[in-house]
>>> print(open('entry-v9.cif').read())   # mmCIF, C-alpha atoms
data_coords
#
loop_
_atom_site.group_PDB
_atom_site.id
_atom_site.type_symbol
_atom_site.label_atom_id
_atom_site.label_comp_id
_atom_site.auth_asym_id
_atom_site.auth_seq_id
_atom_site.Cartn_x
_atom_site.Cartn_y
_atom_site.Cartn_z
ATOM 1 C CA MET A 91 9.648 5.605 5.272
ATOM 2 C CA ILE A 92 8.873 1.918 4.826
ATOM 3 C CA ILE A 93 11.955 0.920 6.815
ATOM 4 C CA LEU A 94 11.047 3.322 9.629
ATOM 5 C CA SER A 95 7.514 1.932 9.681
ATOM 6 C CA SER A 96 8.878 -1.618 9.837
ATOM 7 C CA ILE A 97 11.260 -0.729 12.674
ATOM 8 C CA LEU A 98 8.369 0.838 14.587
ATOM 9 C CA THR A 99 6.219 -2.234 13.942
ATOM 10 C CA VAL A 100 8.928 -4.603 15.191
ATOM 11 C CA PHE A 101 9.525 -2.421 18.266
ATOM 12 C CA CYS A 102 5.787 -2.275 19.067
ATOM 13 C CA VAL A 103 5.490 -6.047 18.652
ATOM 14 C CA GLY A 104 8.401 -6.338 21.079
ATOM 15 C CA LEU A 105 6.724 -3.973 23.555
ATOM 16 C CA SER A 106 3.541 -5.961 23.402
ATOM 17 C CA THR A 107 5.288 -9.326 23.666
ATOM 18 C CA GLY A 108 7.340 -8.155 26.619
ATOM 19 C CA GLY A 109 4.248 -6.917 28.404
ATOM 20 C CA LEU A 110 2.474 -10.191 27.731
ATOM 21 C CA LEU A 111 5.344 -12.144 29.295
ATOM 22 C CA VAL A 112 4.639 -10.648 32.714
ATOM 23 C CA SER A 113 3.184 -13.233 35.045
ATOM 24 C CA ARG A 114 2.214 -13.005 38.669
ATOM 25 C CA ARG A 115 4.156 -16.131 39.602
ATOM 26 C CA ILE A 116 7.281 -15.790 37.487
ATOM 27 C CA ASP A 117 9.995 -13.258 38.252
ATOM 28 C CA PRO A 118 11.848 -11.724 35.303
ATOM 29 C CA HIS A 119 14.776 -13.745 34.013
ATOM 30 C CA GLN A 120 17.286 -12.670 31.367
ATOM 31 C CA THR A 121 17.283 -15.946 29.452
ATOM 32 C CA LEU A 122 13.603 -15.434 28.706
ATOM 33 C CA PHE A 123 14.425 -12.455 26.493
ATOM 34 C CA VAL A 124 17.190 -14.343 24.703
ATOM 35 C CA VAL A 125 14.913 -17.314 23.983
ATOM 36 C CA VAL A 126 12.074 -15.083 22.752
ATOM 37 C CA GLY A 127 14.566 -13.127 20.634
ATOM 38 C CA ILE A 128 15.920 -16.311 19.050
ATOM 39 C CA VAL A 129 12.394 -17.570 18.349
ATOM 40 C CA PHE A 130 11.556 -14.196 16.804
ATOM 41 C CA PHE A 131 14.723 -14.202 14.691
ATOM 42 C CA LEU A 132 14.244 -17.720 13.370
ATOM 43 C CA SER A 133 10.494 -17.399 12.765
ATOM 44 C CA SER A 134 10.762 -14.049 11.048
ATOM 45 C CA LEU A 135 13.742 -15.213 8.994
ATOM 46 C CA VAL A 136 11.781 -18.212 7.712
ATOM 47 C CA GLY A 137 8.818 -15.882 7.109
ATOM 48 C CA MET A 138 11.027 -13.475 5.170
ATOM 49 C CA PHE A 139 12.358 -16.304 3.036
ATOM 50 C CA ILE A 140 8.898 -17.654 2.241
ATOM 51 C CA GLY A 141 7.499 -14.129 1.857
ATOM 52 C CA SER A 142 10.106 -13.323 -0.764
ATOM 53 C CA LYS A 143 9.063 -16.426 -2.690
ATOM 54 C CA ILE A 144 5.316 -15.709 -2.579
ATOM 55 C CA SER A 145 5.574 -11.953 -3.125
ATOM 56 C CA SER A 146 4.894 -12.426 -6.834
ATOM 57 C CA PHE A 147 1.602 -14.207 -6.071
ATOM 58 C CA ILE A 148 0.233 -12.033 -3.262
ATOM 59 C CA SER A 149 0.304 -8.244 -3.160
ATOM 60 C CA GLN A 150 1.998 -6.434 -0.314
ATOM 61 C CA SER A 151 -1.235 -4.730 0.727
ATOM 62 C CA ALA A 152 -2.899 -8.143 1.097
ATOM 63 C CA ILE A 153 -0.066 -9.302 3.356
ATOM 64 C CA SER A 154 -0.400 -6.117 5.457
ATOM 65 C CA ILE A 155 -4.146 -6.647 5.772
ATOM 66 C CA LEU A 156 -3.570 -10.285 6.760
ATOM 67 C CA PHE A 157 -1.059 -9.173 9.400
ATOM 68 C CA GLY A 158 -3.500 -6.541 10.734
ATOM 69 C CA ILE A 159 -6.325 -9.063 10.959
ATOM 70 C CA PHE A 160 -4.002 -11.528 12.683
ATOM 71 C CA CYS A 161 -3.024 -8.830 15.233
ATOM 72 C CA LEU A 162 -6.665 -8.142 16.046
ATOM 73 C CA GLY A 163 -7.458 -11.857 16.175
ATOM 74 C CA MET A 164 -4.514 -12.413 18.479
ATOM 75 C CA ILE A 165 -5.873 -9.784 20.861
ATOM 76 C CA GLY A 166 -9.150 -11.682 21.076
ATOM 77 C CA PHE A 167 -7.343 -14.991 21.488
ATOM 78 C CA LEU A 168 -5.128 -13.663 24.284
ATOM 79 C CA VAL A 169 -8.057 -12.117 26.143
ATOM 80 C CA TRP A 170 -9.881 -15.435 25.859
ATOM 81 C CA LYS A 171 -6.876 -17.406 27.186
ATOM 82 C CA TYR A 172 -6.017 -14.938 29.988
ATOM 83 C CA ASP A 173 -5.599 -16.473 33.435
ATOM 84 C CA PRO A 174 -5.311 -14.092 36.432
ATOM 85 C CA ALA A 175 -2.764 -16.344 38.128
ATOM 86 C CA PHE A 176 -0.476 -16.987 35.137
ATOM 87 C CA GLY A 177 -1.105 -13.983 32.901
ATOM 88 C CA TYR A 178 -1.452 -14.158 29.144
ATOM 89 C CA ILE A 179 1.275 -16.590 28.248
ATOM 90 C CA LYS A 180 1.156 -19.988 29.837
ATOM 91 C CA GLN A 181 3.280 -22.902 28.751
ATOM 92 C CA GLU A 182 0.654 -24.294 26.430
ATOM 93 C CA PRO A 183 1.596 -25.380 22.919
ATOM 94 C CA VAL A 184 -1.349 -23.498 21.401
ATOM 95 C CA ILE A 185 -0.296 -20.142 22.833
ATOM 96 C CA LEU A 186 3.380 -20.617 22.061
ATOM 97 C CA SER A 187 2.699 -21.747 18.492
ATOM 98 C CA THR A 188 0.433 -18.722 18.017
ATOM 99 C CA PHE A 189 3.401 -16.480 18.764
ATOM 100 C CA VAL A 190 5.613 -18.437 16.355
ATOM 101 C CA VAL A 191 2.988 -17.980 13.627
ATOM 102 C CA PHE A 192 2.677 -14.295 14.556
ATOM 103 C CA PHE A 193 6.435 -13.783 14.178
ATOM 104 C CA PHE A 194 6.345 -15.777 10.934
ATOM 105 C CA ILE A 195 3.638 -13.535 9.453
ATOM 106 C CA LEU A 196 5.618 -10.478 10.557
ATOM 107 C CA GLY A 197 8.594 -11.946 8.686
ATOM 108 C CA VAL A 198 6.428 -12.426 5.593
ATOM 109 C CA GLU A 199 5.468 -8.777 5.813
ATOM 110 C CA LEU A 200 9.102 -7.727 6.297
ATOM 111 C CA ALA A 201 10.007 -9.620 3.126
ATOM 112 C CA LYS A 202 9.025 -6.533 1.124
ATOM 113 C CA LEU A 203 12.180 -4.826 2.420
ATOM 114 C CA GLU A 204 14.459 -7.541 0.987
ATOM 115 C CA LEU A 205 16.699 -7.422 4.030
ATOM 116 C CA SER A 206 19.957 -9.233 4.536
ATOM 117 C CA ILE A 207 20.510 -11.560 7.467
ATOM 118 C CA LEU A 208 22.552 -8.884 9.240
ATOM 119 C CA VAL A 209 19.700 -6.365 9.045
ATOM 120 C CA SER A 210 17.207 -8.984 10.244
ATOM 121 C CA PHE A 211 19.539 -9.628 13.168
ATOM 122 C CA ILE A 212 19.426 -5.881 13.921
ATOM 123 C CA PHE A 213 15.621 -6.055 13.727
ATOM 124 C CA SER A 214 15.780 -8.911 16.239
ATOM 125 C CA LEU A 215 17.864 -6.745 18.568
ATOM 126 C CA ILE A 216 15.245 -3.991 18.229
ATOM 127 C CA PHE A 217 12.583 -6.587 19.046
ATOM 128 C CA VAL A 218 14.473 -7.832 22.125
ATOM 129 C CA SER A 219 14.995 -4.282 23.385
ATOM 130 C CA GLY A 220 11.274 -3.606 22.923
ATOM 131 C CA THR A 221 10.495 -6.864 24.705
ATOM 132 C CA PHE A 222 12.687 -5.914 27.640
ATOM 133 C CA LEU A 223 11.197 -2.402 27.872
ATOM 134 C CA GLY A 224 7.645 -3.722 27.617
ATOM 135 C CA PHE A 225 8.318 -6.360 30.245
ATOM 136 C CA MET A 226 9.852 -3.908 32.703
ATOM 137 C CA PHE A 227 7.152 -1.283 32.089
ATOM 138 C CA ILE A 228 4.249 -3.652 32.719
ATOM 139 C CA TYR A 229 6.092 -5.389 35.567
ATOM 140 C CA GLN A 230 6.589 -2.076 37.365
ATOM 141 C CA ILE A 231 2.982 -1.007 36.834
ATOM 142 C CA LEU A 232 1.446 -4.291 37.974
ATOM 143 C CA TYR A 233 3.510 -4.554 41.116
ATOM 144 C CA ARG A 234 3.142 -0.940 42.192
ATOM 145 C CA GLN A 235 -0.631 -0.705 41.789
ATOM 146 C CA ARG A 236 -3.015 -2.043 44.364
ATOM 147 C CA ASN A 237 -5.711 -2.906 41.846
ATOM 148 C CA PRO A 238 -3.964 -3.806 38.578
ATOM 149 C CA GLN A 239 -7.045 -5.191 36.813
ATOM 150 C CA PHE A 240 -7.293 -2.206 34.447
ATOM 151 C CA PHE A 241 -3.580 -2.154 33.697
ATOM 152 C CA ILE A 242 -3.504 -5.807 32.676
ATOM 153 C CA LEU A 243 -4.817 -4.780 29.224
ATOM 154 C CA LEU A 244 -1.890 -2.413 28.536
ATOM 155 C CA PRO A 245 0.244 -4.970 26.626
ATOM 156 C CA LEU A 246 -2.559 -5.385 24.095
ATOM 157 C CA ILE A 247 -2.598 -1.702 23.125
ATOM 158 C CA PRO A 248 0.481 -1.849 20.824
ATOM 159 C CA LEU A 249 -1.076 -4.847 19.046
ATOM 160 C CA LEU A 250 -4.297 -2.874 18.616
ATOM 161 C CA PHE A 251 -2.444 0.074 17.095
ATOM 162 C CA ILE A 252 -0.461 -2.179 14.775
ATOM 163 C CA GLY A 253 -3.582 -4.029 13.677
ATOM 164 C CA LEU A 254 -5.499 -0.826 12.979
ATOM 165 C CA PHE A 255 -2.521 0.785 11.260
ATOM 166 C CA LYS A 256 -2.075 -2.191 8.935
ATOM 167 C CA LEU A 257 -5.777 -2.261 8.070
ATOM 168 C CA ILE A 258 -5.867 1.417 7.137
#
>>> encode(input="entry-v9.cif", output="structure tokens")
Amino acid sequence: MIILSSILTVFCVGLSTGGLLVSRRIDPHQTLFVVVGIVFFLSSLVGMFIGSKISSFISQSAISILFGIFCLGMIGFLVWKYDPAFGYIKQEPVILSTFVVFFFILGVELAKLELSILVSFIFSLIFVSGTFLGFMFIYQILYRQRNPQFFILLPLIPLLFIGLFKLI
């Protein structure tokens, strides 16, 4: 059950990340998903390594609560940094480093599973597939609607569910 929950969490993070990558001025490009997948893999792998070392000091429920609070805080941060012309993710170091920290904390939470590198690579593939699906879903919605202002908040919904689920 824990592995299924972790797979669902990684997939939802991918859905949300993919939806957040949609920009009004940038067309979808395949290398974007590869780069985000590599950043996710490396950040979560470092997080899993450090999480396995600190798991004796911090309980797993505290790490889940920290991850849930970070998800909710990230929603507020992304809404605050939203630009109608560029979307949620601009090429600013603060926003990009926030995602690296987010993937790192997810890796710390995944450390409870004691996964091998091969399984974390499979988790990265699940993340990239979620990223691609989220990107295409939001891209199709935004470019088919005449007034997409309401739909621009859709990528934040998976983060909201993850944050609430981890806090419960």
>>> resolve_selection(input="entry-v9.cif", expression="the PyMOL selection byres ((chain A and resi 210) around 12)", output="mmCIF file with C-alpha atoms, in the coordinates of the input")
data_model
loop_
_atom_site.group_PDB
_atom_site.id
_atom_site.type_symbol
_atom_site.label_atom_id
_atom_site.label_comp_id
_atom_site.auth_asym_id
_atom_site.auth_seq_id
_atom_site.Cartn_x
_atom_site.Cartn_y
_atom_site.Cartn_z
ATOM 1 C CA ILE A 93 11.955 0.920 6.815
ATOM 2 C CA SER A 96 8.878 -1.618 9.837
ATOM 3 C CA ILE A 97 11.260 -0.729 12.674
ATOM 4 C CA VAL A 100 8.928 -4.603 15.191
ATOM 5 C CA GLY A 127 14.566 -13.127 20.634
ATOM 6 C CA ILE A 128 15.920 -16.311 19.050
ATOM 7 C CA PHE A 130 11.556 -14.196 16.804
ATOM 8 C CA PHE A 131 14.723 -14.202 14.691
ATOM 9 C CA LEU A 132 14.244 -17.720 13.370
ATOM 10 C CA SER A 133 10.494 -17.399 12.765
ATOM 11 C CA SER A 134 10.762 -14.049 11.048
ATOM 12 C CA LEU A 135 13.742 -15.213 8.994
ATOM 13 C CA VAL A 136 11.781 -18.212 7.712
ATOM 14 C CA GLY A 137 8.818 -15.882 7.109
ATOM 15 C CA MET A 138 11.027 -13.475 5.170
ATOM 16 C CA PHE A 139 12.358 -16.304 3.036
ATOM 17 C CA LEU A 196 5.618 -10.478 10.557
ATOM 18 C CA GLY A 197 8.594 -11.946 8.686
ATOM 19 C CA LEU A 200 9.102 -7.727 6.297
ATOM 20 C CA ALA A 201 10.007 -9.620 3.126
ATOM 21 C CA LEU A 203 12.180 -4.826 2.420
ATOM 22 C CA GLU A 204 14.459 -7.541 0.987
ATOM 23 C CA LEU A 205 16.699 -7.422 4.030
ATOM 24 C CA SER A 206 19.957 -9.233 4.536
ATOM 25 C CA ILE A 207 20.510 -11.560 7.467
ATOM 26 C CA LEU A 208 22.552 -8.884 9.240
ATOM 27 C CA VAL A 209 19.700 -6.365 9.045
ATOM 28 C CA PHE A 211 19.539 -9.628 13.168
ATOM 29 C CA ILE A 212 19.426 -5.881 13.921
ATOM 30 C CA PHE A 213 15.621 -6.055 13.727
ATOM 31 C CA SER A 214 15.780 -8.911 16.239
ATOM 32 C CA LEU A 215 17.864 -6.745 18.568
ATOM 33 C CA ILE A 216 15.245 -3.991 18.229
ATOM 34 C CA PHE A 217 12.583 -6.587 19.046
#
>>> closest_residue(input="entry-v9.cif", among="A:Gly253, A:Ile179, A:Thr221, A:Gln235", to="Phe160 of chain A", atoms="only C-alpha atoms")
A:Gly253
>>> closest_residue(input="entry-v9.cif", among="A:Leu257, A:Leu110, A:Ser149, A:Lys143", to="Lys171 of chain A", atoms="all atoms listed in the file")
A:Leu110
>>> closest_residue(input="entry-v9.cif", among="A:Phe222, A:Trp170, A:Phe101, A:Phe157", to="Ile195 of chain A", atoms="only C-alpha atoms")
A:Phe157
>>> closest_residue(input="entry-v9.cif", among="A:Met164, A:Met91, A:Val218, A:Glu199", to="Leu122 of chain A", atoms="only C-alpha atoms")
A:Val218
>>> resolve_selection(input="entry-v9.cif", expression="the PyMOL selection byres ((chain A and resi 245) around 6)", output="ChimeraX atom specification")
/A:106,109-110,243-244,246-247
>>> atom_distance(input="entry-v9.cif", atom1="atom CA of Gly163 of chain A", atom2="atom CA of Ile185 of chain A")
12.8 Å
>>> atom_distance(input="entry-v9.cif", atom1="atom CA of Pro248 of chain A", atom2="atom CA of Ala152 of chain A")
21.0 Å
>>> closest_residue(input="entry-v9.cif", among="A:Tyr172, A:Gly220, A:Phe189, A:Val103", to="Gln239 of chain A", atoms="all atoms listed in the file")
A:Tyr172
>>> closest_residue(input="entry-v9.cif", among="A:Phe225, A:Phe193, A:Phe251, A:Phe241", to="Gly158 of chain A", atoms="all atoms listed in the file")
A:Phe251
>>> axis_aligned_box(input="entry-v9.cif", around="segment 126-141 of chain A", padding_each_side="5 Å", output="JSON")
{"center_x": 11.7, "center_y": -15.7, "center_z": 12.3, "size_x": 18.4, "size_y": 15.1, "size_z": 30.9}
>>> atom_distance(input="entry-v9.cif", atom1="atom CA of Lys202 of chain A", atom2="atom CA of Ile92 of chain A")
9.2 Å
